[in-house]
$ cat coords_35.cif   # mmCIF, C-alpha atoms
data_model
loop_
_atom_site.group_PDB
_atom_site.id
_atom_site.type_symbol
_atom_site.label_atom_id
_atom_site.label_comp_id
_atom_site.auth_asym_id
_atom_site.auth_seq_id
_atom_site.Cartn_x
_atom_site.Cartn_y
_atom_site.Cartn_z
ATOM 1 C CA MET I 1 117.585 72.838 79.778
ATOM 2 C CA LEU I 2 117.389 76.393 81.074
ATOM 3 C CA ILE I 3 116.229 77.710 77.698
ATOM 4 C CA GLU I 4 113.591 74.996 77.454
ATOM 5 C CA LEU I 5 112.164 76.133 80.765
ATOM 6 C CA LEU I 6 111.427 79.504 79.182
ATOM 7 C CA THR I 7 109.467 78.184 76.194
ATOM 8 C CA ASP I 8 105.671 77.997 75.895
ATOM 9 C CA LYS I 9 105.765 74.606 77.569
ATOM 10 C CA TYR I 10 106.370 76.166 80.975
ATOM 11 C CA PRO I 11 104.577 79.517 81.056
ATOM 12 C CA GLY I 12 104.947 79.777 84.845
ATOM 13 C CA MET I 13 108.730 79.893 84.536
ATOM 14 C CA ARG I 14 108.521 83.066 82.483
ATOM 15 C CA PHE I 15 106.421 84.747 85.142
ATOM 16 C CA TRP I 16 108.824 83.535 87.793
ATOM 17 C CA LEU I 17 111.832 84.909 85.924
ATOM 18 C CA THR I 18 110.075 88.181 85.068
ATOM 19 C CA GLN I 19 109.331 88.748 88.727
ATOM 20 C CA ARG I 20 113.010 88.266 89.614
ATOM 21 C CA LEU I 21 114.437 90.311 86.744
ATOM 22 C CA THR I 22 112.095 93.255 87.372
ATOM 23 C CA ALA I 23 113.044 93.060 91.053
ATOM 24 C CA LEU I 24 116.721 93.370 90.112
ATOM 25 C CA VAL I 25 116.034 96.343 87.811
ATOM 26 C CA MET I 26 114.130 98.135 90.572
ATOM 27 C CA ALA I 27 116.748 97.372 93.224
ATOM 28 C CA ALA I 28 119.525 98.671 90.957
ATOM 29 C CA TYR I 29 117.549 101.853 90.200
ATOM 30 C CA PHE I 30 116.804 102.448 93.873
ATOM 31 C CA VAL I 31 120.377 101.998 95.069
ATOM 32 C CA LEU I 32 121.857 104.118 92.238
ATOM 33 C CA MET I 33 119.287 106.897 92.685
ATOM 34 C CA LEU I 34 119.857 106.967 96.422
ATOM 35 C CA LEU I 35 123.620 107.255 95.896
ATOM 36 C CA ILE I 36 123.292 109.983 93.242
ATOM 37 C CA LEU I 37 120.786 111.921 95.362
ATOM 38 C CA VAL I 38 123.064 111.787 98.390
ATOM 39 C CA ILE I 39 125.993 113.056 96.288
ATOM 40 C CA VAL I 40 124.164 115.724 94.222
ATOM 41 C CA ARG I 41 121.666 116.880 96.886
ATOM 42 C CA PRO I 42 119.370 118.914 94.599
ATOM 43 C CA GLU I 43 118.052 122.082 96.297
ATOM 44 C CA GLY I 44 114.516 123.422 95.857
ATOM 45 C CA PHE I 45 112.195 123.166 92.871
ATOM 46 C CA GLU I 46 114.700 124.297 90.214
ATOM 47 C CA GLY I 47 117.404 121.989 91.514
ATOM 48 C CA TRP I 48 115.048 119.012 91.668
ATOM 49 C CA ARG I 49 113.697 119.624 88.176
ATOM 50 C CA ASN I 50 117.142 120.072 86.672
ATOM 51 C CA PHE I 51 118.238 116.923 88.462
ATOM 52 C CA ILE I 52 115.411 114.761 87.104
ATOM 53 C CA SER I 53 115.297 116.223 83.557
ATOM 54 C CA PRO I 54 118.246 114.568 81.721
ATOM 55 C CA ILE I 55 116.935 112.164 79.086
ATOM 56 C CA TRP I 56 118.893 109.177 80.397
ATOM 57 C CA LEU I 57 117.380 109.626 83.842
ATOM 58 C CA ARG I 58 113.897 109.887 82.372
ATOM 59 C CA ILE I 59 114.481 106.669 80.421
ATOM 60 C CA ALA I 60 115.836 104.966 83.538
ATOM 61 C CA THR I 61 112.831 106.137 85.533
ATOM 62 C CA PHE I 62 110.479 104.877 82.848
ATOM 63 C CA LEU I 63 112.236 101.476 82.812
ATOM 64 C CA PHE I 64 112.074 101.358 86.585
ATOM 65 C CA PHE I 65 108.367 102.112 86.601
ATOM 66 C CA THR I 66 107.425 99.630 83.886
ATOM 67 C CA SER I 67 109.398 96.994 85.823
ATOM 68 C CA LEU I 68 107.485 98.015 88.916
ATOM 69 C CA CYS I 69 104.145 97.630 87.165
ATOM 70 C CA MET I 70 105.037 94.191 85.760
ATOM 71 C CA HIS I 71 106.248 93.147 89.206
ATOM 72 C CA ALA I 72 103.091 94.496 90.859
ATOM 73 C CA TRP I 73 100.910 92.788 88.266
ATOM 74 C CA LEU I 74 102.497 89.389 89.040
ATOM 75 C CA GLY I 75 102.373 89.926 92.785
ATOM 76 C CA VAL I 76 98.775 91.123 92.937
ATOM 77 C CA ARG I 77 97.754 88.290 90.614
ATOM 78 C CA ASP I 78 99.228 85.748 93.055
ATOM 79 C CA VAL I 79 97.516 87.433 95.992
ATOM 80 C CA LEU I 80 94.131 87.450 94.231
ATOM 81 C CA ARG I 81 94.504 83.775 93.310
ATOM 82 C CA ASP I 82 95.317 82.888 96.896
ATOM 83 C CA TYR I 83 92.549 84.765 98.674
ATOM 84 C CA ILE I 84 89.658 85.412 96.261
ATOM 85 C CA PHE I 85 87.889 82.096 95.754
ATOM 86 C CA ASN I 86 84.986 83.397 93.679
ATOM 87 C CA VAL I 87 86.303 83.124 90.120
ATOM 88 C CA THR I 88 84.026 85.797 88.635
ATOM 89 C CA LEU I 89 84.886 88.314 91.359
ATOM 90 C CA ARG I 90 88.575 87.522 90.975
ATOM 91 C CA GLN I 91 88.444 88.076 87.220
ATOM 92 C CA TYR I 92 86.762 91.451 87.686
ATOM 93 C CA LEU I 93 89.308 92.501 90.309
ATOM 94 C CA GLN I 94 92.100 91.398 87.993
ATOM 95 C CA ILE I 95 90.671 93.560 85.203
ATOM 96 C CA VAL I 96 90.527 96.540 87.584
ATOM 97 C CA VAL I 97 94.176 95.969 88.529
ATOM 98 C CA ASP I 98 95.185 95.620 84.852
ATOM 99 C CA ILE I 99 93.466 98.877 83.914
ATOM 100 C CA LEU I 100 94.946 100.711 86.925
ATOM 101 C CA LEU I 101 98.489 99.626 86.044
ATOM 102 C CA VAL I 102 98.083 100.708 82.421
ATOM 103 C CA ILE I 103 96.739 104.080 83.607
ATOM 104 C CA TYR I 104 99.735 104.456 85.936
ATOM 105 C CA ILE I 105 102.220 103.791 83.126
ATOM 106 C CA VAL I 106 100.484 106.307 80.840
ATOM 107 C CA TRP I 107 100.320 108.796 83.728
ATOM 108 C CA LEU I 108 104.038 108.509 84.449
ATOM 109 C CA SER I 109 104.843 108.793 80.730
ATOM 110 C CA VAL I 110 102.901 112.075 80.591
ATOM 111 C CA ILE I 111 104.727 113.427 83.648
ATOM 112 C CA LEU I 112 108.145 112.473 82.237
ATOM 113 C CA TRP I 113 107.267 113.786 78.760
ATOM 114 C CA ASN I 114 106.320 117.212 80.138
ATOM 115 C CA LEU I 115 109.516 117.661 82.125
ATOM 116 C CA MET A 1 92.739 53.539 108.182
ATOM 117 C CA LYS A 2 95.132 56.028 106.665
ATOM 118 C CA LYS A 3 92.312 57.946 105.001
ATOM 119 C CA ILE A 4 90.371 58.323 108.233
ATOM 120 C CA GLN A 5 93.451 59.613 109.978
ATOM 121 C CA ALA A 6 93.978 62.204 107.287
ATOM 122 C CA LYS A 7 90.387 63.345 107.642
ATOM 123 C CA ASN A 8 90.466 63.685 111.402
ATOM 124 C CA ARG A 9 93.749 65.472 111.557
ATOM 125 C CA PRO A 10 93.337 68.480 113.866
ATOM 126 C CA LYS A 11 93.265 71.877 112.207
ATOM 127 C CA ASN A 12 94.026 75.190 113.828
ATOM 128 C CA LEU A 13 93.057 78.195 111.771
ATOM 129 C CA ASN A 14 92.563 80.562 114.697
ATOM 130 C CA LEU A 15 94.721 83.529 113.782
ATOM 131 C CA LEU A 16 95.018 84.565 117.435
ATOM 132 C CA THR A 17 96.608 81.307 118.579
ATOM 133 C CA ILE A 18 98.797 80.572 115.562
ATOM 134 C CA ARG A 19 102.430 81.287 116.350
ATOM 135 C CA LEU A 20 104.288 81.795 113.092
ATOM 136 C CA PRO A 21 107.995 80.976 112.935
ATOM 137 C CA ILE A 22 110.201 83.968 112.140
ATOM 138 C CA ASN A 23 110.730 82.916 108.486
ATOM 139 C CA ALA A 24 106.955 82.837 108.004
ATOM 140 C CA VAL A 25 106.607 86.269 109.622
ATOM 141 C CA VAL A 26 109.150 87.755 107.210
ATOM 142 C CA SER A 27 107.436 85.997 104.303
ATOM 143 C CA ILE A 28 103.868 87.117 105.077
ATOM 144 C CA LEU A 29 105.045 90.672 105.766
ATOM 145 C CA HIS A 30 106.775 90.613 102.378
ATOM 146 C CA ARG A 31 103.399 89.911 100.801
ATOM 147 C CA ALA A 32 101.524 92.451 102.954
ATOM 148 C CA SER A 33 104.089 95.196 102.293
ATOM 149 C CA GLY A 34 103.867 94.467 98.569
ATOM 150 C CA VAL A 35 100.094 94.968 98.650
ATOM 151 C CA PHE A 36 100.506 98.228 100.611
ATOM 152 C CA LEU A 37 103.024 99.532 98.091
ATOM 153 C CA PHE A 38 100.702 98.646 95.224
ATOM 154 C CA LEU A 39 97.819 100.498 96.903
ATOM 155 C CA ALA A 40 100.056 103.527 97.520
ATOM 156 C CA LEU A 41 101.165 103.777 93.863
ATOM 157 C CA PRO A 42 98.720 106.590 92.912
ATOM 158 C CA LEU A 43 99.933 108.626 95.910
ATOM 159 C CA PHE A 44 103.546 108.320 94.752
ATOM 160 C CA LEU A 45 102.544 109.372 91.247
ATOM 161 C CA LEU A 46 100.548 112.354 92.548
ATOM 162 C CA ALA A 47 103.474 113.460 94.715
ATOM 163 C CA PHE A 48 105.955 113.070 91.862
ATOM 164 C CA GLN A 49 103.708 115.038 89.519
ATOM 165 C CA ALA A 50 103.292 117.850 92.057
ATOM 166 C CA SER A 51 107.046 117.959 92.692
ATOM 167 C CA VAL A 52 107.926 118.617 89.033
ATOM 168 C CA HIS A 53 104.827 120.483 87.784
ATOM 169 C CA SER A 54 105.554 124.028 88.993
ATOM 170 C CA ALA A 55 107.304 125.918 91.760
ATOM 171 C CA LYS A 56 103.885 126.483 93.349
ATOM 172 C CA SER A 57 102.840 122.819 93.387
ATOM 173 C CA TYR A 58 106.329 121.937 94.655
ATOM 174 C CA ALA A 59 105.919 124.327 97.601
ATOM 175 C CA GLU A 60 102.406 123.004 98.303
ATOM 176 C CA LEU A 61 103.684 119.437 98.323
ATOM 177 C CA ALA A 62 106.571 120.379 100.612
ATOM 178 C CA ASP A 63 104.066 122.032 103.000
ATOM 179 C CA LEU A 64 101.807 118.991 102.943
ATOM 180 C CA LEU A 65 104.669 116.563 103.607
ATOM 181 C CA ASP A 66 105.718 118.660 106.596
ATOM 182 C CA GLY A 67 102.642 117.694 108.656
ATOM 183 C CA TRP A 68 103.318 115.235 111.488
ATOM 184 C CA PHE A 69 100.506 112.918 110.446
ATOM 185 C CA ILE A 70 101.754 112.705 106.860
ATOM 186 C CA LYS A 71 105.229 112.024 108.212
ATOM 187 C CA LEU A 72 103.866 109.063 110.174
ATOM 188 C CA VAL A 73 102.222 107.787 106.986
ATOM 189 C CA LEU A 74 105.526 108.208 105.150
ATOM 190 C CA ILE A 75 107.339 106.246 107.852
ATOM 191 C CA GLY A 76 104.724 103.509 107.496
ATOM 192 C CA LEU A 77 105.248 103.437 103.748
ATOM 193 C CA SER A 78 109.018 103.429 104.218
ATOM 194 C CA TRP A 79 108.582 100.336 106.389
ATOM 195 C CA ALA A 80 106.592 98.669 103.600
ATOM 196 C CA PHE A 81 109.284 99.592 101.099
ATOM 197 C CA PHE A 82 112.274 98.516 103.184
ATOM 198 C CA HIS A 83 110.664 95.274 104.274
ATOM 199 C CA HIS A 84 109.744 94.411 100.693
ATOM 200 C CA PHE A 85 113.243 95.390 99.558
ATOM 201 C CA PHE A 86 115.275 93.424 102.101
ATOM 202 C CA ALA A 87 112.960 90.407 102.301
ATOM 203 C CA GLY A 88 112.942 90.384 98.485
ATOM 204 C CA ILE A 89 116.732 90.288 98.361
ATOM 205 C CA ARG A 90 116.611 87.415 100.846
ATOM 206 C CA HIS A 91 114.217 85.543 98.550
ATOM 207 C CA LEU A 92 116.497 86.184 95.569
ATOM 208 C CA LEU A 93 119.466 84.791 97.495
ATOM 209 C CA GLN A 94 117.426 81.718 98.400
ATOM 210 C CA ASP A 95 116.606 81.315 94.704
ATOM 211 C CA VAL A 96 120.325 80.776 94.126
ATOM 212 C CA HIS A 97 120.379 78.369 97.099
ATOM 213 C CA TRP A 98 122.173 80.613 99.529
ATOM 214 C CA MET A 99 121.301 80.205 103.241
ATOM 215 C CA THR A 100 118.499 77.697 102.647
ATOM 216 C CA SER A 101 118.976 75.409 105.651
ATOM 217 C CA LEU A 102 116.448 75.981 108.440
ATOM 218 C CA GLN A 103 118.973 77.451 110.836
ATOM 219 C CA LYS A 104 120.471 79.810 108.258
ATOM 220 C CA ALA A 105 117.019 80.822 107.015
ATOM 221 C CA ARG A 106 116.059 81.781 110.567
ATOM 222 C CA PHE A 107 119.264 83.752 110.891
ATOM 223 C CA SER A 108 118.721 85.596 107.584
ATOM 224 C CA SER A 109 115.148 86.393 108.673
ATOM 225 C CA ARG A 110 116.521 88.069 111.766
ATOM 226 C CA VAL A 111 119.069 89.955 109.669
ATOM 227 C CA VAL A 112 116.252 91.192 107.408
ATOM 228 C CA LEU A 113 114.189 92.429 110.370
ATOM 229 C CA TRP A 114 117.189 94.270 111.856
ATOM 230 C CA LEU A 115 118.053 95.877 108.515
ATOM 231 C CA VAL A 116 114.434 96.981 108.071
ATOM 232 C CA GLY A 117 114.322 98.435 111.585
ATOM 233 C CA PHE A 118 117.585 100.281 111.081
ATOM 234 C CA SER A 119 116.518 101.652 107.667
ATOM 235 C CA VAL A 120 113.102 102.829 108.871
ATOM 236 C CA LEU A 121 114.727 104.517 111.881
ATOM 237 C CA THR A 122 117.255 106.254 109.637
ATOM 238 C CA PHE A 123 114.455 107.385 107.327
ATOM 239 C CA ALA A 124 112.393 108.669 110.270
ATOM 240 C CA VAL A 125 115.333 110.655 111.653
ATOM 241 C CA CYS A 126 116.093 112.105 108.207
ATOM 242 C CA ILE A 127 112.565 113.413 107.574
ATOM 243 C CA TRP A 128 111.839 114.630 111.110
#
$ encode --input "coords_35.cif" --output "structure tokens"
Amino acid sequence: MLIELLTDKYPGMRFWLTQRLTALVMAAYFVLMLLILVIVRPEGFEGWRNFISPIWLRIATFLFFTSLCMHAWLGVRDVLRDYIFNVTLRQYLQIVVDILLVIYIVWLSVILWNL
Amino acid sequence: MKKIQAKNRPKNLNLLTIRLPINAVVSILHRASGVFLFLALPLFLLAFQASVHSAKSYAELADLLDGWFIKLVLIGLSWAFFHHFFAGIRHLLQDVHWMTSLQKARFSSRVVLWLVGFSVLTFAVCIW
């Protein structure tokens, strides 16, 4: 039953679940990062950079941010569908949002890569 | 007869006279805060980039974030974050059918608003 809900027959269920799962990933990242930051308390530029540089933290940050972008994509899509009644305008706005989110992911990847 | 009734049903879409119940307030603010956070994404990325790029850009960012106006903006953004965070957790709990009766939903709405207020206050004190 639950698995069937996630097949092509019910595409909305996948979006619904994606929104929830990405929310959980982000919440976990936020709480853990807050705890670690409070314990480690990195000082100044060097401290901050050394803190953020370990590969596992970069991967976690990347996962967090891709979750964020998927979550934002779903949320903004719902908002556009609710308030923009002109279909053409809505489609253009959606394309703008899509491109922005892709740019953000690439941008963050570049920042993390150059650490 | 029924059809006519449905047609003539009074509508009130005047935003100034609509009184939303507390659950609806928490819900619409969840949406609004989500939109704010989306719009602020490039600012977060810029700040993050500046903080790790070089010692110079780090110092410049720290200087910029020290201004009182920027601090107010940060507090505003922290509100958006905390509201989205706590109201989101409330929605997740409702997804698993926890606190879904009207009375309990009103109570959890109040809890969310208190948690948000407390968190924003803590954040404001920490950065000031």
$ atom_distance --input "coords_35.cif" --atom1 "CA of Ile39 in chain I" --atom2 "CA of Ile55 in chain I"
19.5 Å
$ closest_residue --input "coords_35.cif" --among "A:Gly88, A:Pro21, A:Pro10, A:Gly76" --to "chain I" --atoms "all atoms listed in the file"
A:Gly88
$ resolve_selection --input "coords_35.cif" --expression "the PyMOL selection byres ((chain A) within 12 of (chain I))" --output "tab-separated table (two decimals) with C-alpha atoms, in the frame of the given file"
chain	number	residue	atom	x	y	z
A	28	ILE	CA	103.87	87.12	105.08
A	30	HIS	CA	106.78	90.61	102.38
A	31	ARG	CA	103.40	89.91	100.80
A	32	ALA	CA	101.52	92.45	102.95
A	33	SER	CA	104.09	95.20	102.29
A	34	GLY	CA	103.87	94.47	98.57
A	35	VAL	CA	100.09	94.97	98.65
A	36	PHE	CA	100.51	98.23	100.61
A	37	LEU	CA	103.02	99.53	98.09
A	38	PHE	CA	100.70	98.65	95.22
A	39	LEU	CA	97.82	100.50	96.90
A	40	ALA	CA	100.06	103.53	97.52
A	41	LEU	CA	101.16	103.78	93.86
A	42	PRO	CA	98.72	106.59	92.91
A	43	LEU	CA	99.93	108.63	95.91
A	44	PHE	CA	103.55	108.32	94.75
A	45	LEU	CA	102.54	109.37	91.25
A	46	LEU	CA	100.55	112.35	92.55
A	47	ALA	CA	103.47	113.46	94.72
A	48	PHE	CA	105.96	113.07	91.86
A	49	GLN	CA	103.71	115.04	89.52
A	50	ALA	CA	103.29	117.85	92.06
A	51	SER	CA	107.05	117.96	92.69
A	52	VAL	CA	107.93	118.62	89.03
A	53	HIS	CA	104.83	120.48	87.78
A	54	SER	CA	105.55	124.03	88.99
A	55	ALA	CA	107.30	125.92	91.76
A	56	LYS	CA	103.88	126.48	93.35
A	57	SER	CA	102.84	122.82	93.39
A	58	TYR	CA	106.33	121.94	94.66
A	59	ALA	CA	105.92	124.33	97.60
A	60	GLU	CA	102.41	123.00	98.30
A	61	LEU	CA	103.68	119.44	98.32
A	62	ALA	CA	106.57	120.38	100.61
A	81	PHE	CA	109.28	99.59	101.10
A	82	PHE	CA	112.27	98.52	103.18
A	84	HIS	CA	109.74	94.41	100.69
A	85	PHE	CA	113.24	95.39	99.56
A	86	PHE	CA	115.28	93.42	102.10
A	87	ALA	CA	112.96	90.41	102.30
A	88	GLY	CA	112.94	90.38	98.48
A	89	ILE	CA	116.73	90.29	98.36
A	90	ARG	CA	116.61	87.42	100.85
A	91	HIS	CA	114.22	85.54	98.55
A	92	LEU	CA	116.50	86.18	95.57
A	93	LEU	CA	119.47	84.79	97.50
A	94	GLN	CA	117.43	81.72	98.40
A	95	ASP	CA	116.61	81.32	94.70
A	96	VAL	CA	120.32	80.78	94.13
$ residues_around --input "coords_35.cif" --residues "Asn23 in chain A" --least-positions-apart "4" --cutoff "7 Å" --atoms "all atoms listed in the file" --output "PDB file with C-alpha atoms, in the coordinates of the input"
ATOM      1  CA  SER A  27     107.436  85.997 104.303  1.00  0.00           C
ATOM      2  CA  ALA A 105     117.019  80.822 107.015  1.00  0.00           C
ATOM      3  CA  ARG A 106     116.059  81.781 110.567  1.00  0.00           C
ATOM      4  CA  SER A 109     115.148  86.393 108.673  1.00  0.00           C
TER       5      SER A 109
END
$ atom_distance --input "coords_35.cif" --atom1 "CA of Leu34 in chain I" --atom2 "CA of Val120 in chain A"
14.8 Å
